[in-house]
file target.txt (compact mmCIF, C-alpha atoms and all ligand atoms)
# COMPACT_ATOMS: atom_id res chain seq x y z
CA MET A 3 0.00 0.00 0.00
CA LEU A 4 2.81 2.31 0.94
CA ILE A 5 4.66 1.49 -2.28
CA TYR A 6 1.49 2.12 -4.26
CA ALA A 7 1.02 5.46 -2.55
CA GLN A 8 4.62 6.40 -3.28
CA ASN A 9 4.23 5.46 -6.92
CA LEU A 10 1.02 7.44 -7.11
CA ALA A 11 2.71 10.48 -5.60
CA PHE A 12 5.55 10.12 -8.06
CA TRP A 13 3.11 9.94 -10.94
CA VAL A 14 1.06 12.90 -9.78
CA ALA A 15 4.19 14.95 -9.22
CA THR A 16 5.52 14.32 -12.70
CA CYS A 17 2.49 14.06 -14.92
CA TYR A 18 2.28 17.81 -15.56
CA LYS A 19 6.03 18.21 -15.95
CA THR A 20 6.64 15.63 -18.63
CA ARG A 21 5.41 16.90 -21.98
CA VAL A 22 4.20 13.77 -23.76
CA ILE A 23 3.01 15.63 -26.85
CA PRO A 24 3.85 19.06 -28.30
CA ALA A 25 1.11 21.66 -27.62
CA ASP A 26 0.41 22.33 -31.31
CA GLU A 27 0.01 18.61 -32.01
CA PHE A 28 -2.24 18.21 -28.97
CA ARG A 29 -4.43 21.08 -30.24
CA ARG A 30 -4.54 19.54 -33.72
CA ILE A 31 -5.64 16.15 -32.39
CA LEU A 32 -8.25 17.65 -30.06
CA GLY A 33 -9.65 19.46 -33.11
CA HIS A 34 -11.04 16.13 -34.32
CA PHE A 35 -13.65 16.42 -31.59
CA ALA A 36 -16.44 18.48 -33.19
CA THR A 37 -18.07 20.98 -30.85
CA GLY A 38 -20.63 23.72 -30.76
CA VAL A 39 -19.45 27.26 -30.12
CA THR A 40 -20.40 29.46 -27.19
CA VAL A 41 -19.61 32.98 -26.09
CA VAL A 42 -19.21 33.13 -22.32
CA THR A 43 -20.10 36.60 -21.04
CA THR A 44 -20.04 38.44 -17.77
CA CYS A 45 -19.53 42.00 -16.53
CA GLY A 46 -16.32 43.53 -15.24
CA GLY A 47 -15.81 45.50 -12.04
CA GLU A 48 -17.24 48.70 -13.53
CA GLY A 49 -20.17 46.88 -15.06
CA GLN A 50 -18.70 46.72 -18.56
CA PRO A 51 -19.68 43.62 -20.57
CA THR A 52 -16.83 41.24 -21.33
CA GLY A 53 -16.60 37.76 -22.84
CA LEU A 54 -14.77 35.17 -24.85
CA THR A 55 -15.53 32.47 -27.39
CA ALA A 56 -15.40 29.05 -25.73
CA SER A 57 -15.97 25.53 -26.98
CA ALA A 58 -14.80 23.85 -23.77
CA PHE A 59 -18.34 23.84 -22.42
CA THR A 60 -20.35 20.86 -21.27
CA SER A 61 -23.25 19.83 -19.10
CA VAL A 62 -22.28 18.27 -15.76
CA SER A 63 -25.47 17.40 -13.87
CA LEU A 64 -29.23 17.48 -14.47
CA ASP A 65 -30.22 17.66 -10.81
CA PRO A 66 -29.01 20.11 -9.76
CA PRO A 67 -28.52 21.69 -13.20
CA LEU A 68 -24.77 22.18 -13.53
CA VAL A 69 -22.50 23.04 -16.44
CA LEU A 70 -18.80 23.72 -16.79
CA VAL A 71 -16.59 25.88 -18.92
CA CYS A 72 -12.77 25.83 -19.09
CA VAL A 73 -11.03 29.20 -19.37
CA ASP A 74 -7.39 29.93 -20.15
CA HIS A 75 -5.58 31.88 -17.44
CA THR A 76 -4.31 34.33 -20.06
CA SER A 77 -7.85 35.30 -21.07
CA GLN A 78 -8.68 38.94 -20.37
CA THR A 79 -12.14 37.79 -19.34
CA TYR A 80 -10.79 35.38 -16.72
CA PRO A 81 -10.42 37.89 -13.82
CA SER A 82 -13.99 39.14 -14.32
CA LEU A 83 -15.33 35.57 -14.38
CA LEU A 84 -13.56 34.89 -11.08
CA GLU A 85 -14.60 38.15 -9.43
CA ARG A 86 -18.18 38.29 -10.66
CA GLY A 87 -18.93 34.66 -9.80
CA ARG A 88 -21.56 34.40 -12.51
CA PHE A 89 -21.65 34.22 -16.27
CA ALA A 90 -23.89 33.59 -19.24
CA VAL A 91 -23.31 30.95 -21.89
CA ASN A 92 -24.54 32.07 -25.31
CA VAL A 93 -24.81 29.08 -27.67
CA LEU A 94 -24.09 30.46 -31.12
CA ALA A 95 -26.27 29.91 -34.16
CA ARG A 96 -25.04 28.95 -37.63
CA ASP A 97 -24.93 32.54 -38.88
CA GLN A 98 -22.88 33.85 -35.91
CA GLN A 99 -19.41 33.00 -37.20
CA GLU A 100 -18.38 36.67 -37.13
CA VAL A 101 -19.55 36.95 -33.52
CA SER A 102 -17.41 33.94 -32.66
CA ARG A 103 -14.36 35.46 -34.39
CA ARG A 104 -14.89 38.75 -32.63
CA PHE A 105 -15.09 37.18 -29.16
CA ALA A 106 -12.10 34.95 -29.97
CA SER A 107 -10.01 38.10 -30.36
CA THR A 108 -8.44 40.24 -27.64
CA ARG A 109 -10.02 43.49 -28.79
CA LEU A 110 -11.55 45.55 -26.02
CA ASP A 111 -14.62 46.70 -27.96
CA LYS A 112 -16.07 43.23 -28.58
CA PHE A 113 -19.61 44.28 -27.70
CA ASP A 114 -19.65 47.37 -29.93
CA GLY A 115 -22.18 46.78 -32.70
CA VAL A 116 -23.10 43.34 -31.38
CA PRO A 117 -26.78 43.43 -30.40
CA HIS A 118 -27.23 42.28 -26.82
CA ARG A 119 -29.15 43.01 -23.65
CA ILE A 120 -28.33 42.85 -19.97
CA SER A 121 -30.48 40.27 -18.20
CA ALA A 122 -32.22 40.61 -14.84
CA LEU A 123 -29.25 38.76 -13.35
CA GLY A 124 -26.94 41.41 -14.81
CA LEU A 125 -25.45 39.22 -17.52
CA PRO A 126 -24.95 40.14 -21.19
CA LEU A 127 -27.10 38.00 -23.52
CA LEU A 128 -26.28 38.08 -27.24
CA ASP A 129 -29.16 38.50 -29.68
CA GLY A 130 -29.53 35.67 -32.15
CA ALA A 131 -27.96 33.00 -29.95
CA LEU A 132 -29.63 29.59 -30.07
CA ALA A 133 -29.70 29.33 -26.29
CA HIS A 134 -28.82 31.37 -23.22
CA LEU A 135 -27.83 29.85 -19.89
CA GLU A 136 -27.34 32.14 -16.91
CA CYS A 137 -25.06 30.55 -14.36
CA VAL A 138 -23.68 31.09 -10.87
CA THR A 139 -20.23 29.62 -10.23
CA VAL A 140 -20.31 27.01 -7.47
CA ARG A 141 -16.71 25.79 -7.70
CA THR A 142 -13.51 26.48 -9.58
CA HIS A 143 -10.70 24.02 -10.26
CA VAL A 144 -7.30 25.14 -11.47
CA GLU A 145 -5.99 22.49 -13.87
CA GLY A 146 -2.85 23.20 -15.84
CA ASP A 147 -3.16 26.50 -17.70
CA HIS A 148 -6.97 26.61 -17.45
CA THR A 149 -9.56 26.97 -14.71
CA ILE A 150 -12.71 24.87 -14.80
CA PHE A 151 -15.74 26.90 -13.73
CA VAL A 152 -18.51 24.61 -12.49
CA ALA A 153 -21.74 26.56 -12.31
CA ARG A 154 -25.40 26.16 -11.41
CA VAL A 155 -27.82 27.20 -14.12
CA GLU A 156 -30.25 29.78 -12.74
CA ARG A 157 -32.10 30.60 -15.94
CA ALA A 158 -32.10 28.97 -19.34
CA ALA A 159 -33.87 29.57 -22.62
CA GLY A 160 -33.46 28.05 -26.06
CA GLY A 161 -35.03 28.71 -29.42
CA SER A 162 -35.00 27.03 -32.79
CA GLY A 163 -32.36 27.16 -35.49
CA GLU A 164 -29.11 25.47 -36.37
CA PRO A 165 -25.88 25.60 -34.40
CA LEU A 166 -22.48 26.92 -35.36
CA LEU A 167 -19.97 24.07 -35.22
CA TYR A 168 -16.19 23.98 -34.90
CA TYR A 169 -14.16 21.11 -36.28
CA ARG A 170 -10.44 20.74 -36.95
CA GLY A 171 -9.81 24.47 -36.61
CA ARG A 172 -12.64 25.54 -38.94
CA TYR A 173 -16.22 26.62 -38.60
CA ASP A 174 -18.78 24.20 -39.97
CA ARG A 175 -22.49 23.54 -39.97
CA LEU A 176 -24.82 20.55 -39.77
CA SER A 177 -25.06 18.71 -43.07
CA GLY A 178 -28.79 18.19 -42.68
CA VAL A 179 -28.45 14.42 -42.79
CA ASN A 180 -30.08 13.03 -39.68
CA ALA A 181 -28.70 9.49 -39.65
C1 LIG A 201 -13.87 28.05 -31.64
C2 LIG A 201 -13.05 28.57 -30.48
C3 LIG A 201 -13.19 27.98 -29.24
C4 LIG A 201 -12.46 28.45 -28.15
N1 LIG A 201 -12.64 27.85 -26.93
C5 LIG A 201 -11.99 28.34 -25.84
C6 LIG A 201 -12.25 27.78 -24.56
O1 LIG A 201 -13.04 26.87 -24.40
N2 LIG A 201 -11.59 28.33 -23.50
C7 LIG A 201 -10.71 29.37 -23.64
O2 LIG A 201 -10.13 29.81 -22.62
N3 LIG A 201 -10.45 29.92 -24.85
C8 LIG A 201 -11.08 29.44 -25.95
N4 LIG A 201 -10.87 29.99 -27.18
C9 LIG A 201 -9.90 31.09 -27.29
C10 LIG A 201 -10.45 32.43 -26.80
O3 LIG A 201 -11.70 32.74 -27.41
C11 LIG A 201 -9.45 33.53 -27.17
O4 LIG A 201 -8.23 33.26 -26.52
C12 LIG A 201 -9.91 34.95 -26.84
O5 LIG A 201 -9.00 35.87 -27.40
C13 LIG A 201 -10.03 35.23 -25.37
O6 LIG A 201 -10.49 36.56 -25.23
P1 LIG A 201 -10.15 37.44 -23.98
O7 LIG A 201 -8.66 37.37 -23.76
O8 LIG A 201 -10.61 38.84 -24.34
O9 LIG A 201 -10.90 36.86 -22.81
C14 LIG A 201 -11.56 29.54 -28.30
C15 LIG A 201 -11.43 30.14 -29.57
C16 LIG A 201 -12.17 29.66 -30.64
C17 LIG A 201 -12.03 30.32 -31.99

call {"tool": "encode", "arguments": {"input": "target.txt", "output": "structure tokens"}}
result
Amino acid sequence: MLIYAQNLAFWVATCYKTRVIPADEFRRILGHFATGVTVVTTCGGEGQPTGLTASAFTSVSLDPPLVLVCVDHTSQTYPSLLERGRFAVNVLARDQQEVSRRFASTRLDKFDGVPHRISALGLPLLDGALAHLECVTVRTHVEGDHTIFVARVERAAGGSGEPLLYYRGRYDRLSGVNA
């Protein structure tokens, strides 16, 4: 048991230090996993809307309703997400590729000219999104160069339409074949 524990400690201590795969190659391989595209929004300390494009979003639990999003520590939006403790997930529609590009940039005027409203919970909701989820962070986990925000969904609404997809570094759309 002791030996096992020692081995485990050794493994845990080294698993982040040993680079088993170059970062660019890792990103390329992960790109084979097709995802939807979201814009995660919140407000900064002075109430200004802020946000970033994120595909590392998933459901976690139905009861209670929990989701998670993984955010890079270098993201400008990251401090506001931590401080505010709440965020909205805007699930982008097929025709919102430009919105995705805009929120995947580091420009400071991302919301200029992008129709949106501030919800009753004080969160920016983008017009034209397929779905909005308004979330309160219940836990954060620092893992490598990202933080996982686990959050309880307080309000959610979804409409009709087709999603924007991201696959192997490119935007895509459903083919319309429902196999
Ligand atoms: C399709 C797509 C998905 C992305 N997913 C994530 C993600 O899940 N988490 C993340 O931290 N960054 C993700 N990014 C990168 C951020 O959007 C990008 O770094 C952005 O500039 C961050 O903006 P900010 O620094 O103003 O917060 C993604 C980019 C694209 C194009």

call {"tool": "closest_residue", "arguments": {"input": "target.txt", "among": "A:Cys45, A:Cys137, A:Val22, A:Ile31", "to": "Phe113 in chain A", "atoms": "all atoms listed in the file"}}
result
A:Cys45

call {"tool": "residues_around", "arguments": {"input": "target.txt", "residues": "Gly161 in chain A", "least_positions_apart": "3", "cutoff": "9 Å", "atoms": "all atoms listed in the file", "output": "list in words"}}
result
Ala131, Leu132 and Ala133 of chain A

call {"tool": "residues_near_ligand", "arguments": {"input": "target.txt", "ligand": "ligand LIG 201 (chain A)", "cutoff": "9 Å", "atoms": "only C-alpha atoms and all ligand atoms", "output": "ChimeraX atom specification"}}
result
/A:37-41,52-59,71-80,102-110,112,148-149,167-169,171-173

call {"tool": "atom_distance", "arguments": {"input": "target.txt", "atom1": "CA of Glu48 in chain A", "atom2": "CA of Val69 in chain A"}}
result
26.4 Å

call {"tool": "atom_distance", "arguments": {"input": "target.txt", "atom1": "CA of Thr60 in chain A", "atom2": "CA of Phe28 in chain A"}}
result
19.9 Å
